[in-house]
Each structure stands twice: as C-alpha cells, then as structure tokens.
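**Q** File structure.pdb follows (PDB, C-alpha atoms):
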ATOM      1  CA  MET P 254      25.425  13.649   4.339
ATOM      2  CA  ALA P 255      22.573  14.239   6.805
ATOM      3  CA  ILE P 256      19.348  12.305   6.479
ATOM      4  CA  LYS P 257      16.486  14.559   5.433
ATOM      5  CA  ALA P 258      13.532  12.162   5.209
ATOM      6  CA  VAL P 259      12.295   8.713   6.160
ATOM      7  CA  VAL P 260       9.960   7.236   3.544
ATOM      8  CA  PHE P 261       7.781   4.212   4.207
ATOM      9  CA  ASP P 262       6.079   1.515   2.283
ATOM     10  CA  LEU P 263       2.711   0.960   3.998
ATOM     11  CA  ASP P 264       1.119  -2.510   3.711
ATOM     12  CA  ASP P 265       2.976  -5.139   5.760
ATOM     13  CA  THR P 266       5.485  -2.488   6.822
ATOM     14  CA  LEU P 267       3.347  -0.438   9.210
ATOM     15  CA  TRP P 268       0.361  -2.823   9.445
ATOM     16  CA  ASP P 269      -0.701  -6.328   8.467
ATOM     17  CA  VAL P 270      -2.640  -5.885   5.246
ATOM     18  CA  ASN P 271      -4.371  -9.279   5.056
ATOM     19  CA  PRO P 272      -6.997  -8.759   7.800
ATOM     20  CA  VAL P 273      -7.682  -5.274   6.449
ATOM     21  CA  ILE P 274      -8.457  -6.621   2.988
ATOM     22  CA  VAL P 275     -10.607  -9.441   4.382
ATOM     23  CA  LYS P 276     -12.779  -6.992   6.339
ATOM     24  CA  ALA P 277     -13.001  -4.589   3.409
ATOM     25  CA  GLU P 278     -14.019  -7.308   0.960
ATOM     26  CA  ASN P 279     -16.601  -8.668   3.390
ATOM     27  CA  ALA P 280     -18.190  -5.223   3.767
ATOM     28  CA  HIS P 281     -17.974  -4.707   0.006
ATOM     29  CA  TYR P 282     -19.801  -7.978  -0.688
ATOM     30  CA  ARG P 283     -22.501  -7.272   1.918
ATOM     31  CA  TRP P 284     -23.202  -3.952   0.194
ATOM     32  CA  LEU P 285     -23.365  -5.646  -3.188
ATOM     33  CA  ASN P 286     -25.739  -8.256  -1.798
ATOM     34  CA  GLN P 287     -28.153  -5.467  -0.890
ATOM     35  CA  GLN P 288     -27.643  -3.142  -3.857
ATOM     36  CA  ALA P 289     -26.710  -5.530  -6.707
ATOM     37  CA  PRO P 290     -28.481  -8.842  -6.001
ATOM     38  CA  LEU P 291     -28.117 -10.022  -9.597
ATOM     39  CA  LEU P 292     -24.358  -9.948  -9.098
ATOM     40  CA  THR P 293     -24.285 -11.842  -5.804
ATOM     41  CA  ALA P 294     -26.729 -14.403  -7.214
ATOM     42  CA  ARG P 295     -24.131 -15.187  -9.881
ATOM     43  CA  PHE P 296     -20.792 -14.612  -8.095
ATOM     44  CA  THR P 297     -19.692 -15.607  -4.609
ATOM     45  CA  GLU P 298     -17.161 -13.390  -2.859
ATOM     46  CA  GLY P 299     -14.447 -15.885  -3.716
ATOM     47  CA  GLU P 300     -15.499 -16.006  -7.355
ATOM     48  CA  LEU P 301     -15.294 -12.214  -7.605
ATOM     49  CA  ARG P 302     -11.766 -12.401  -6.233
ATOM     50  CA  GLY P 303     -10.917 -15.119  -8.725
ATOM     51  CA  TYR P 304     -12.307 -13.077 -11.603
ATOM     52  CA  ARG P 305     -10.178 -10.112 -10.572
ATOM     53  CA  MET P 306      -7.063 -12.282 -10.416
ATOM     54  CA  SER P 307      -7.793 -13.738 -13.846
ATOM     55  CA  LEU P 308      -8.233 -10.215 -15.208
ATOM     56  CA  VAL P 309      -4.762  -9.277 -13.975
ATOM     57  CA  ARG P 310      -3.300 -12.417 -15.543
ATOM     58  CA  ARG P 311      -4.900 -11.430 -18.849
ATOM     59  CA  HIS P 312      -3.795  -7.818 -18.473
ATOM     60  CA  PRO P 313      -0.457  -7.843 -16.609
ATOM     61  CA  GLU P 314      -0.181  -4.080 -17.048
ATOM     62  CA  LEU P 315      -2.788  -3.882 -14.249
ATOM     63  CA  MET P 316      -0.729  -5.962 -11.805
ATOM     64  CA  HIS P 317       0.444  -3.051  -9.651
ATOM     65  CA  PHE P 318      -2.681  -0.937 -10.037
ATOM     66  CA  VAL P 319      -5.078  -2.492  -7.585
ATOM     67  CA  THR P 320      -7.813   0.132  -7.745
ATOM     68  CA  ARG P 321      -7.952   0.037 -11.530
ATOM     69  CA  SER P 322      -8.029  -3.740 -11.652
ATOM     70  CA  ARG P 323     -10.672  -3.930  -8.921
ATOM     71  CA  MET P 324     -12.920  -1.362 -10.602
ATOM     72  CA  ARG P 325     -12.572  -2.947 -14.036
ATOM     73  CA  ALA P 326     -13.268  -6.446 -12.752
ATOM     74  CA  MET P 327     -16.316  -5.251 -10.845
ATOM     75  CA  ASP P 328     -17.686  -3.420 -13.874
ATOM     76  CA  GLU P 329     -17.275  -6.530 -16.030
ATOM     77  CA  CYS P 330     -18.895  -8.808 -13.439
ATOM     78  CA  LEU P 331     -21.844  -6.466 -13.043
ATOM     79  CA  ARG P 332     -22.432  -6.428 -16.789
ATOM     80  CA  LEU P 333     -22.097 -10.210 -16.945
ATOM     81  CA  SER P 334     -24.797 -10.335 -14.258
ATOM     82  CA  GLY P 335     -27.258  -8.409 -16.413
ATOM     83  CA  TYR P 336     -26.734  -4.787 -15.451
ATOM     84  CA  SER P 337     -26.477  -2.137 -18.142
ATOM     85  CA  SER P 338     -23.241  -0.274 -18.724
ATOM     86  CA  GLU P 339     -24.631   2.761 -16.898
ATOM     87  CA  GLN P 340     -25.865   0.696 -13.958
ATOM     88  CA  ALA P 341     -22.571  -1.199 -13.773
ATOM     89  CA  ALA P 342     -20.527   1.994 -13.707
ATOM     90  CA  TYR P 343     -22.712   3.455 -10.949
ATOM     91  CA  LEU P 344     -22.680   0.313  -8.819
ATOM     92  CA  ALA P 345     -18.951  -0.292  -9.283
ATOM     93  CA  GLU P 346     -18.141   3.238  -8.139
ATOM     94  CA  HIS P 347     -20.319   3.074  -5.041
ATOM     95  CA  ALA P 348     -19.239  -0.450  -4.144
ATOM     96  CA  PHE P 349     -15.615   0.625  -4.307
ATOM     97  CA  ALA P 350     -16.356   3.553  -1.989
ATOM     98  CA  VAL P 351     -17.534   1.026   0.611
ATOM     99  CA  PHE P 352     -14.448  -1.115   0.103
ATOM    100  CA  TRP P 353     -12.132   1.884   0.301
ATOM    101  CA  GLN P 354     -13.642   3.114   3.553
ATOM    102  CA  TYR P 355     -12.789  -0.192   5.223
ATOM    103  CA  ARG P 356      -9.485  -0.437   3.348
ATOM    104  CA  ASN P 357      -8.238   2.529   5.373
ATOM    105  CA  GLN P 358      -9.344   1.164   8.748
ATOM    106  CA  ILE P 359      -5.957  -0.287   9.551
ATOM    107  CA  GLU P 360      -4.530  -1.580  12.834
ATOM    108  CA  PRO P 361      -0.875  -0.542  13.034
ATOM    109  CA  PHE P 362       1.773  -2.969  14.183
ATOM    110  CA  PRO P 363       2.799  -2.530  17.838
ATOM    111  CA  TYR P 364       4.946   0.566  18.498
ATOM    112  CA  ALA P 365       4.045   2.198  15.145
ATOM    113  CA  PHE P 366       2.676   5.307  16.875
ATOM    114  CA  GLU P 367       5.666   5.677  19.177
ATOM    115  CA  ALA P 368       8.198   5.128  16.398
ATOM    116  CA  LEU P 369       6.603   7.634  14.040
ATOM    117  CA  GLU P 370       6.217  10.224  16.782
ATOM    118  CA  GLY P 371       9.916   9.943  17.568
ATOM    119  CA  LEU P 372      10.985  10.208  13.923
ATOM    120  CA  LYS P 373       8.673  13.122  13.212
ATOM    121  CA  ARG P 374      10.701  15.381  15.509
ATOM    122  CA  ASP P 375      13.771  15.144  13.274
ATOM    123  CA  TYR P 376      12.748  14.052   9.779
ATOM    124  CA  ILE P 377      10.260  14.581   7.007
ATOM    125  CA  ILE P 378       8.016  11.510   6.932
ATOM    126  CA  GLY P 379       6.619  10.219   3.649
ATOM    127  CA  ALA P 380       5.022   7.199   2.033
ATOM    128  CA  LEU P 381       5.530   5.459  -1.295
ATOM    129  CA  SER P 382       3.119   2.569  -1.688
ATOM    130  CA  SER P 383       2.096   0.152  -4.408
ATOM    131  CA  GLY P 384      -1.180  -0.467  -2.562
ATOM    132  CA  ASN P 385      -4.259   1.733  -2.572
ATOM    133  CA  ALA P 386      -4.461   2.683   1.092
ATOM    134  CA  ASP P 387      -4.728   6.437   1.681
ATOM    135  CA  ILE P 388      -2.507   7.238   4.641
ATOM    136  CA  SER P 389      -4.388  10.517   5.163
ATOM    137  CA  GLN P 390      -7.529   8.499   5.962
ATOM    138  CA  THR P 391      -5.840   6.232   8.520
ATOM    139  CA  VAL P 392      -5.031   6.581  12.205
ATOM    140  CA  LEU P 393      -1.402   7.290  11.251
ATOM    141  CA  ALA P 394      -2.238  10.355   9.153
ATOM    142  CA  GLU P 395      -0.881  13.033  11.488
ATOM    143  CA  TRP P 396       2.717  11.846  11.214
ATOM    144  CA  PHE P 397       2.979  11.937   7.411
ATOM    145  CA  ASP P 398       4.036  14.966   5.407
ATOM    146  CA  PHE P 399       3.401  13.474   1.951
ATOM    147  CA  ALA P 400       2.380  10.249   0.249
ATOM    148  CA  PHE P 401       2.617   8.784  -3.242
ATOM    149  CA  SER P 402       0.964   5.644  -4.587
ATOM    150  CA  ALA P 403       1.288   3.573  -7.731
ATOM    151  CA  GLU P 404      -2.239   4.581  -8.705
ATOM    152  CA  GLY P 405      -1.453   8.269  -8.441
ATOM    153  CA  LEU P 406       1.919   8.045 -10.155
ATOM    154  CA  SER P 407       0.869   5.484 -12.805
ATOM    155  CA  VAL P 408       4.091   3.654 -12.004
ATOM    156  CA  ALA P 409       4.890   1.149  -9.269
ATOM    157  CA  LYS P 410       7.937   0.121  -7.291
ATOM    158  CA  PRO P 411      10.578  -1.038  -8.094
ATOM    159  CA  ASP P 412      10.428   1.175 -11.185
ATOM    160  CA  PRO P 413      12.965   3.986 -10.659
ATOM    161  CA  LYS P 414      10.316   6.525 -11.699
ATOM    162  CA  ALA P 415       8.362   5.787  -8.514
ATOM    163  CA  PHE P 416      11.358   6.571  -6.313
ATOM    164  CA  GLN P 417      12.270   9.550  -8.484
ATOM    165  CA  ALA P 418       8.889  11.095  -7.667
ATOM    166  CA  VAL P 419       9.929  11.129  -4.004
ATOM    167  CA  LEU P 420      13.292  12.695  -4.846
ATOM    168  CA  ASN P 421      11.640  15.363  -6.974
ATOM    169  CA  HIS P 422       9.161  16.169  -4.221
ATOM    170  CA  LEU P 423      11.852  16.479  -1.553
ATOM    171  CA  ASP P 424      14.399  18.108  -3.870
ATOM    172  CA  CYS P 425      17.197  16.120  -2.288
ATOM    173  CA  ARG P 426      19.812  13.488  -3.037
ATOM    174  CA  PRO P 427      19.044   9.744  -2.685
ATOM    175  CA  GLU P 428      21.522   9.312   0.165
ATOM    176  CA  GLU P 429      19.528  11.844   2.213
ATOM    177  CA  ILE P 430      16.602   9.394   2.367
ATOM    178  CA  ILE P 431      16.075   6.238   4.389
ATOM    179  CA  PHE P 432      13.528   3.978   2.727
ATOM    180  CA  VAL P 433      11.667   1.600   5.040
ATOM    181  CA  GLY P 434       9.819  -1.375   3.598
ATOM    182  CA  ASP P 435       9.075  -5.073   3.807
ATOM    183  CA  ASN P 436       9.216  -6.254   0.182
ATOM    184  CA  PRO P 437      12.763  -7.381  -0.686
ATOM    185  CA  GLU P 438      12.520  -6.614  -4.398
ATOM    186  CA  HIS P 439      10.054  -3.753  -4.711
ATOM    187  CA  ASP P 440      10.995  -1.786  -1.593
ATOM    188  CA  ILE P 441      14.546  -2.570  -0.573
ATOM    189  CA  ASP P 442      16.272  -3.527  -3.811
ATOM    190  CA  GLY P 443      14.423  -0.754  -5.660
ATOM    191  CA  ALA P 444      15.414   1.937  -3.158
ATOM    192  CA  HIS P 445      18.983   0.637  -2.902
ATOM    193  CA  GLN P 446      19.426   0.813  -6.682
ATOM    194  CA  MET P 447      18.391   4.468  -6.501
ATOM    195  CA  GLY P 448      21.105   5.158  -3.917
ATOM    196  CA  MET P 449      18.812   5.494  -0.887
ATOM    197  CA  LYS P 450      19.662   3.991   2.487
ATOM    198  CA  THR P 451      17.432   0.993   3.147
ATOM    199  CA  LEU P 452      15.823  -0.386   6.292
ATOM    200  CA  TRP P 453      14.202  -3.780   5.811
ATOM    201  CA  VAL P 454      11.184  -4.472   8.046
ATOM    202  CA  GLN P 455      10.736  -8.227   8.442
ATOM    203  CA  ILE P 456       7.814  -8.485  10.851
ATOM    204  CA  LYS P 457       6.092 -11.072   8.644
ATOM    205  CA  PRO P 458       8.440 -13.940   7.682
ATOM    206  CA  LEU P 459       9.502 -14.087   4.023
ATOM    207  CA  ALA P 460      11.248 -16.802   2.048
ATOM    208  CA  THR P 461      13.471 -14.326   0.217
ATOM    209  CA  GLN P 462      15.628 -11.415   1.259
ATOM    210  CA  PRO P 463      16.921  -8.290  -0.484
ATOM    211  CA  LYS P 464      20.124  -8.418  -2.489
ATOM    212  CA  CYS P 465      21.498  -5.658  -0.282
ATOM    213  CA  PHE P 466      20.177  -3.681   2.694
ATOM    214  CA  ASP P 467      21.645  -1.304   5.236
ATOM    215  CA  ALA P 468      19.713  -2.488   8.288
ATOM    216  CA  ARG P 469      16.982  -4.948   9.277
ATOM    217  CA  ILE P 470      14.416  -4.943  12.071
ATOM    218  CA  ASP P 471      11.732  -7.446  13.071
ATOM    219  CA  ALA P 472       9.634  -5.109  15.234
ATOM    220  CA  LEU P 473       8.738  -1.435  15.004
ATOM    221  CA  SER P 474      10.007  -0.962  18.545
ATOM    222  CA  GLN P 475      13.459  -1.101  16.908
ATOM    223  CA  LEU P 476      12.653   1.425  14.183
ATOM    224  CA  HIS P 477      13.752   4.687  15.787
ATOM    225  CA  LYS P 478      17.149   3.374  16.897
ATOM    226  CA  ALA P 479      17.748   1.768  13.505
ATOM    227  CA  VAL P 480      17.042   5.053  11.734
ATOM    228  CA  GLU P 481      19.262   6.980  14.146
ATOM    229  CA  ARG P 482      22.056   4.466  13.558
ATOM    230  CA  LEU P 483      21.769   4.806   9.773
ATOM    231  CA  ALA P 484      21.709   8.580  10.163
ATOM    232  CA  GLY P 485      24.966   8.385  12.118
ATOM    233  CA  TYR P 486      23.610   9.707  15.391
ATOM    234  CA  ILE P 487      24.321   6.581  17.469
TER     235      ILE P 487
END
Translate this file's structure into structure tokens.
**A**
Amino acid sequence: MAIKAVVFDLDDTLWDVNPVIVKAENAHYRWLNQQAPLLTARFTEGELRGYRMSLVRRHPELMHFVTRSRMRAMDECLRLSGYSSEQAAYLAEHAFAVFWQYRNQIEPFPYAFEALEGLKRDYIIGALSSGNADISQTVLAEWFDFAFSAEGLSVAKPDPKAFQAVLNHLDCRPEEIIFVGDNPEHDIDGAHQMGMKTLWVQIKPLATQPKCFDARIDALSQLHKAVERLAGYI
C-alpha cells in the first residue's frame, strides 16, 4: 500500500529542544524580574523550575501537558509571592506569551530543510507532538500541512487516541503513514502498535531503544532515502 503521509514528532526529532527551553526560560525570567519583582525576589529561575516539577509529581495527570503545568505552577508561585488571584492570572498569561515566543525560535538539526523539502514533493507532512511548540510559528512552518499536540488533543503519545487523531484527519489506514520520532516508547512503539511504519531518529544518544522499528537514522541527511526505502521506491 502506498505511503500517503510522513508524520513527525518535533522536539529532539527535528531540533534539539534543550537549548530552546533554556533560552525561553531565561527570557521568561527576565520579563518576570521586570514585571513581577515580588515573584523573582522569592523564587530563583531554578526554584520556579523545581516548583513546576513538584507540581507534576503531585498531579501526574499534568505530566504530558506542559503548557497547563507551566501556567498552573506560575499562577501558584505568583500568589505565593503576594499577588492577588487577578494579578496572578494576568501576569501568568503574559509571562507565558514571552516564553512561548522564544519556545518557537528553534534551530533545526542539519539537513532538516533539505529533507522536508524533498519529502514535501511526494507526501503530506504532519506533526504529532507531546511538546508545546507550534510548528506554524517556526522556521519549518512552510513544509507542514497539519499539526496536532497533546495540549490540543488533551491526550499524549503513546496513547492510541493521539495517533488516531492523525488517522482521522488523513482518512487513511495506519500502514499508509510513516511516523518519524526520537522517543522509543512514545513515538516509535506507540506508532508501531497502531500499525504505522516507524522511522527512529537517534541523533541524540539514548540508553533505550524501541521494541520494534522499521528503520533508524542518526542524521537528517539520511531521512529522505530512509522514507523512500520504507515506501518501496528504492
């Protein structure tokens, strides 16, 4: 059966997410230092991060919903710092807008542009991410036809409902999709269990590997040929 679409995870598949988050959190904290000095007098940047992590431990249902957990943690920290509920809501919203602007200023891995341009000629290109990057706001926007996120779907990979949203959108069978991702469990095992073809991107070394995958690459320069091979063209 012919391949209809290539669907990507985003963070650590098409770019390194760690430096993006560091820059975004730095800009976020600088804004807070100017606009919410009571907060930054009480919490360092690291302490805010620690509070957010402790919130997720207390509320594991937030684990895969990074925007919700970030907004809730910020609201709580602002109120703990002496701001009213109304002030906290206002400041949390505007602080997140600063974070989100930088969150989408990504630097793609080498050959990302070339690989996507080549694939775009023959396939529908989509994204299914558990992160909160908005591909339409990044430098890779022009190559994507659709995108889903855990926040928008209220369900995260590897839950079958996340992958089913892609199938419903494309109105196709699982075997007509190649799913490309870096996370062994959430991306590759999840897509494989749905019947999709899987392409594991291992640019950043990992201690674990998927239970089963159709192909593996360690650089995006190999992406186009790997997809063509899975599609049966070479």
**Q** Between CA of Ile441 in chain P and CA of Trp453 in chain P, what is the distance, to one decimal in Å?
**A**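 Taking CA of Ile441 in chain P and CA of Trp453 in chain P, their separation equals 6.5 Å.
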**Q** Could you tell me how far CA of Pro272 in chain P lies from CA of Ala386 in chain P, in Å and to one decimal?
**A**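 Computed distance, CA of Pro272 in chain P to CA of Ala386 in chain P, equals 13.5 Å.
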**Q** Between P:Ile388, P:Val351, P:Leu406, P:Ala415, which one has atoms that come closest to Tyr282 in chain P, using all atoms listed in the file?
**A**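 Counting all atoms listed in the file, the residue closest to Tyr282 in chain P is P:Val351.
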**Q** Using the chain letters and numbering of this document, enumerate as a ChimeraX atom specification the residues selected by the PyMOL selection byres ((chain P and resi 456) around 6).
**A** /P:454-455,457,471-472
**Q** Taking the file above as input, evaluate the PyMOL selection byres ((chain P and resi 422) around 12) and report the hits as a PDB file with C-alpha atoms, in the frame of the given file.
**A**
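The result, stored in selection.pdb:
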ATOM      1  CA  ALA P 258      13.532  12.162   5.209  1.00  0.00           C
ATOM      2  CA  VAL P 260       9.960   7.236   3.544  1.00  0.00           C
ATOM      3  CA  ILE P 377      10.260  14.581   7.007  1.00  0.00           C
ATOM      4  CA  GLY P 379       6.619  10.219   3.649  1.00  0.00           C
ATOM      5  CA  ALA P 380       5.022   7.199   2.033  1.00  0.00           C
ATOM      6  CA  LEU P 381       5.530   5.459  -1.295  1.00  0.00           C
ATOM      7  CA  ASP P 398       4.036  14.966   5.407  1.00  0.00           C
ATOM      8  CA  PHE P 399       3.401  13.474   1.951  1.00  0.00           C
ATOM      9  CA  ALA P 400       2.380  10.249   0.249  1.00  0.00           C
ATOM     10  CA  PHE P 401       2.617   8.784  -3.242  1.00  0.00           C
ATOM     11  CA  ALA P 415       8.362   5.787  -8.514  1.00  0.00           C
ATOM     12  CA  PHE P 416      11.358   6.571  -6.313  1.00  0.00           C
ATOM     13  CA  GLN P 417      12.270   9.550  -8.484  1.00  0.00           C
ATOM     14  CA  ALA P 418       8.889  11.095  -7.667  1.00  0.00           C
ATOM     15  CA  VAL P 419       9.929  11.129  -4.004  1.00  0.00           C
ATOM     16  CA  LEU P 420      13.292  12.695  -4.846  1.00  0.00           C
ATOM     17  CA  ASN P 421      11.640  15.363  -6.974  1.00  0.00           C
ATOM     18  CA  LEU P 423      11.852  16.479  -1.553  1.00  0.00           C
ATOM     19  CA  ASP P 424      14.399  18.108  -3.870  1.00  0.00           C
ATOM     20  CA  CYS P 425      17.197  16.120  -2.288  1.00  0.00           C
ATOM     21  CA  ARG P 426      19.812  13.488  -3.037  1.00  0.00           C
ATOM     22  CA  PRO P 427      19.044   9.744  -2.685  1.00  0.00           C
TER      23      PRO P 427
END
**Q** With all atoms listed in the file as the counted atoms, please give the residues lying no more than 8 Å from Leu369 in chain P, apart from itself and same-chain residues fewer than 3 positions off, as a ChimeraX atom specification.
**A** /P:365-366,372-373,396,477
**Q** Could you write those residues out with C-alpha atoms, as an mmCIF file, in the coordinates of the input?
**A**
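This is the output file again-v1.cif:
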data_model
loop_
_atom_site.group_PDB
_atom_site.id
_atom_site.type_symbol
_atom_site.label_atom_id
_atom_site.label_comp_id
_atom_site.auth_asym_id
_atom_site.auth_seq_id
_atom_site.Cartn_x
_atom_site.Cartn_y
_atom_site.Cartn_z
ATOM 1 C CA ALA P 365 4.045 2.198 15.145
ATOM 2 C CA PHE P 366 2.676 5.307 16.875
ATOM 3 C CA LEU P 372 10.985 10.208 13.923
ATOM 4 C CA LYS P 373 8.673 13.122 13.212
ATOM 5 C CA TRP P 396 2.717 11.846 11.214
ATOM 6 C CA HIS P 477 13.752 4.687 15.787
#
**Q** Please enumerate the residues selected by the PyMOL selection byres ((chain P and resi 263) around 9) when evaluated against the supplied file, formatted as a short mmCIF file (atom, residue, chain, number, x, y, z; two decimals) with C-alpha atoms, keeping the file's coordinate frame.
**A**
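The new file expr-v2.cif reads:
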data_model
loop_
_atom_site.label_atom_id
_atom_site.label_comp_id
_atom_site.auth_asym_id
_atom_site.auth_seq_id
_atom_site.Cartn_x
_atom_site.Cartn_y
_atom_site.Cartn_z
CA PHE P 261 7.78 4.21 4.21
CA ASP P 262 6.08 1.52 2.28
CA ASP P 264 1.12 -2.51 3.71
CA ASP P 265 2.98 -5.14 5.76
CA THR P 266 5.48 -2.49 6.82
CA LEU P 267 3.35 -0.44 9.21
CA TRP P 268 0.36 -2.82 9.44
CA VAL P 270 -2.64 -5.88 5.25
CA ALA P 380 5.02 7.20 2.03
CA LEU P 381 5.53 5.46 -1.30
CA SER P 382 3.12 2.57 -1.69
CA SER P 383 2.10 0.15 -4.41
CA GLY P 384 -1.18 -0.47 -2.56
CA ALA P 386 -4.46 2.68 1.09
CA ILE P 388 -2.51 7.24 4.64
CA GLY P 434 9.82 -1.38 3.60
CA ASP P 435 9.07 -5.07 3.81
#
**Q** Quick check, in Å to one decimal: how far apart do CA of Glu428 in chain P and CA of Ile470 in chain P lie?
**A**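 If I compute the distance from CA of Glu428 in chain P to CA of Ile470 in chain P, I get 19.9 Å.
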**Q** Would you kindly return, as a list in words, each protein, DNA or RNA residue with an atom no farther than 7 Å from any atom of Lys450 in chain P, considering only C-alpha atoms and excluding same-chain residues fewer than 3 positions away?
**A**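 Returned residues: Glu428, Ile430, Ile431, Phe432, His445 and Asp467 of chain P.
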**Q** Let me see the file: selected residues, C-alpha atoms, as a PDB file, in the coordinates of the input.
**A**
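Wrote part.pdb, looks like this:
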ATOM      1  CA  GLU P 428      21.522   9.312   0.165  1.00  0.00           C
ATOM      2  CA  ILE P 430      16.602   9.394   2.367  1.00  0.00           C
ATOM      3  CA  ILE P 431      16.075   6.238   4.389  1.00  0.00           C
ATOM      4  CA  PHE P 432      13.528   3.978   2.727  1.00  0.00           C
ATOM      5  CA  HIS P 445      18.983   0.637  -2.902  1.00  0.00           C
ATOM      6  CA  ASP P 467      21.645  -1.304   5.236  1.00  0.00           C
TER       7      ASP P 467
END
**Q** From the list P:Leu483, P:Leu476, P:Ile359, P:Ala342, which residue is nearest Arg325 in chain P when using all atoms listed in the file?
**A**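 Nearest candidate to Arg325 in chain P out of P:Leu483, P:Leu476, P:Ile359, P:Ala342: P:Ala342.
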**Q** Which is closer to Asp328 in chain P than all the others in P:Glu346, P:Ile256, P:Arg311, P:Met306, using only C-alpha atoms?
**A** P:Glu346
**Q** Between P:Ala468, P:Asp442, P:Glu429, P:Glu298, single out the one closest to Tyr376 in chain P, counting all atoms listed in the file.
**A**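 Closest candidate: P:Glu429.
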**Q** Show which residues sit within 10 Å of Arg323 in chain P, as number ranges by chain. Count only C-alpha atoms, and ignore same-chain residues fewer than 6 positions away.
**A** P: 301-302, 304-306, 308-309, 315, 345, 349
**Q** As a list of chain:residue names, please: the residues near Glu438 in chain P (cut-off 7 Å, all atoms listed in the file, same-chain neighbours under 5 positions excluded).
**A**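 Those residues are P:Pro411, P:Gly443, P:Pro463.
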**Q** Selection from above, C-alpha atoms, as a compact mmCIF listing (two decimals), in the frame of the given file, can you write it?
**A**
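Wrote it out as out08.txt, contents follow:
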# COMPACT_ATOMS: atom_id res chain seq x y z
CA PRO P 411 10.58 -1.04 -8.09
CA GLY P 443 14.42 -0.75 -5.66
CA PRO P 463 16.92 -8.29 -0.48
**Q** Could you pull the residues within 9 Å of Asp387 in chain P, counting all atoms listed in the file, minus those fewer than 2 positions along the same chain, as a list in words?
**A** Trp353, Arg356, Asn357, Gly384, Asn385, Ser389, Gln390, Thr391, Ala394, Ala400 and Ser402 of chain P
**Q** Using only C-alpha atoms, which of the listed residues (P:Pro361, P:Glu339, P:Val433, P:Met449) sits closest to Arg469 in chain P?
**A**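 So, comparing all the options, the nearest one is P:Val433.
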**Q** Using all atoms listed in the file, which of P:Gly299, P:Pro313, P:Pro458, P:Pro413 sits nearest Ala444 in chain P?
**A**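 Residue with the minimum atom-to-atom distance to Ala444 in chain P: P:Pro413.
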**Q** Missing atoms in range 383-397 of chain P should be modelled up to N, CA and C atoms and reported as a tab-separated table (two decimals), in the frame of the given file.
**A**
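The resulting file, result-v4.tsv, is reproduced below:
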chain	number	residue	atom	x	y	z
P	383	SER	N	2.70	0.76	-3.22
P	383	SER	CA	2.10	0.15	-4.41
P	383	SER	C	0.65	-0.25	-4.15
P	384	GLY	N	0.21	-0.16	-2.91
P	384	GLY	CA	-1.18	-0.47	-2.56
P	384	GLY	C	-2.06	0.75	-2.74
P	385	ASN	N	-3.34	0.61	-2.38
P	385	ASN	CA	-4.26	1.73	-2.57
P	385	ASN	C	-4.79	2.30	-1.26
P	386	ALA	N	-4.08	2.02	-0.16
P	386	ALA	CA	-4.46	2.68	1.09
P	386	ALA	C	-4.13	4.17	0.99
P	387	ASP	N	-4.96	4.99	1.62
P	387	ASP	CA	-4.73	6.44	1.68
P	387	ASP	C	-4.31	6.76	3.10
P	388	ILE	N	-3.02	7.03	3.29
P	388	ILE	CA	-2.51	7.24	4.64
P	388	ILE	C	-3.21	8.40	5.33
P	389	SER	N	-3.71	9.36	4.56
P	389	SER	CA	-4.39	10.52	5.16
P	389	SER	C	-5.73	10.14	5.77
P	390	GLN	N	-6.26	8.96	5.42
P	390	GLN	CA	-7.53	8.50	5.96
P	390	GLN	C	-7.35	7.49	7.09
P	391	THR	N	-6.11	7.22	7.48
P	391	THR	CA	-5.84	6.23	8.52
P	391	THR	C	-5.50	6.90	9.85
P	392	VAL	N	-5.36	6.07	10.87
P	392	VAL	CA	-5.03	6.58	12.20
P	392	VAL	C	-3.59	7.07	12.29
P	393	LEU	N	-2.79	6.83	11.26
P	393	LEU	CA	-1.40	7.29	11.25
P	393	LEU	C	-1.22	8.61	10.50
P	394	ALA	N	-2.30	9.20	10.05
P	394	ALA	CA	-2.24	10.36	9.15
P	394	ALA	C	-1.39	11.50	9.69
P	395	GLU	N	-1.49	11.80	10.97
P	395	GLU	CA	-0.88	13.03	11.49
P	395	GLU	C	0.64	13.05	11.41
P	396	TRP	N	1.26	11.89	11.23
P	396	TRP	CA	2.72	11.85	11.21
P	396	TRP	C	3.30	11.94	9.81
P	397	PHE	N	2.46	11.95	8.78
P	397	PHE	CA	2.98	11.94	7.41
P	397	PHE	C	2.89	13.30	6.76
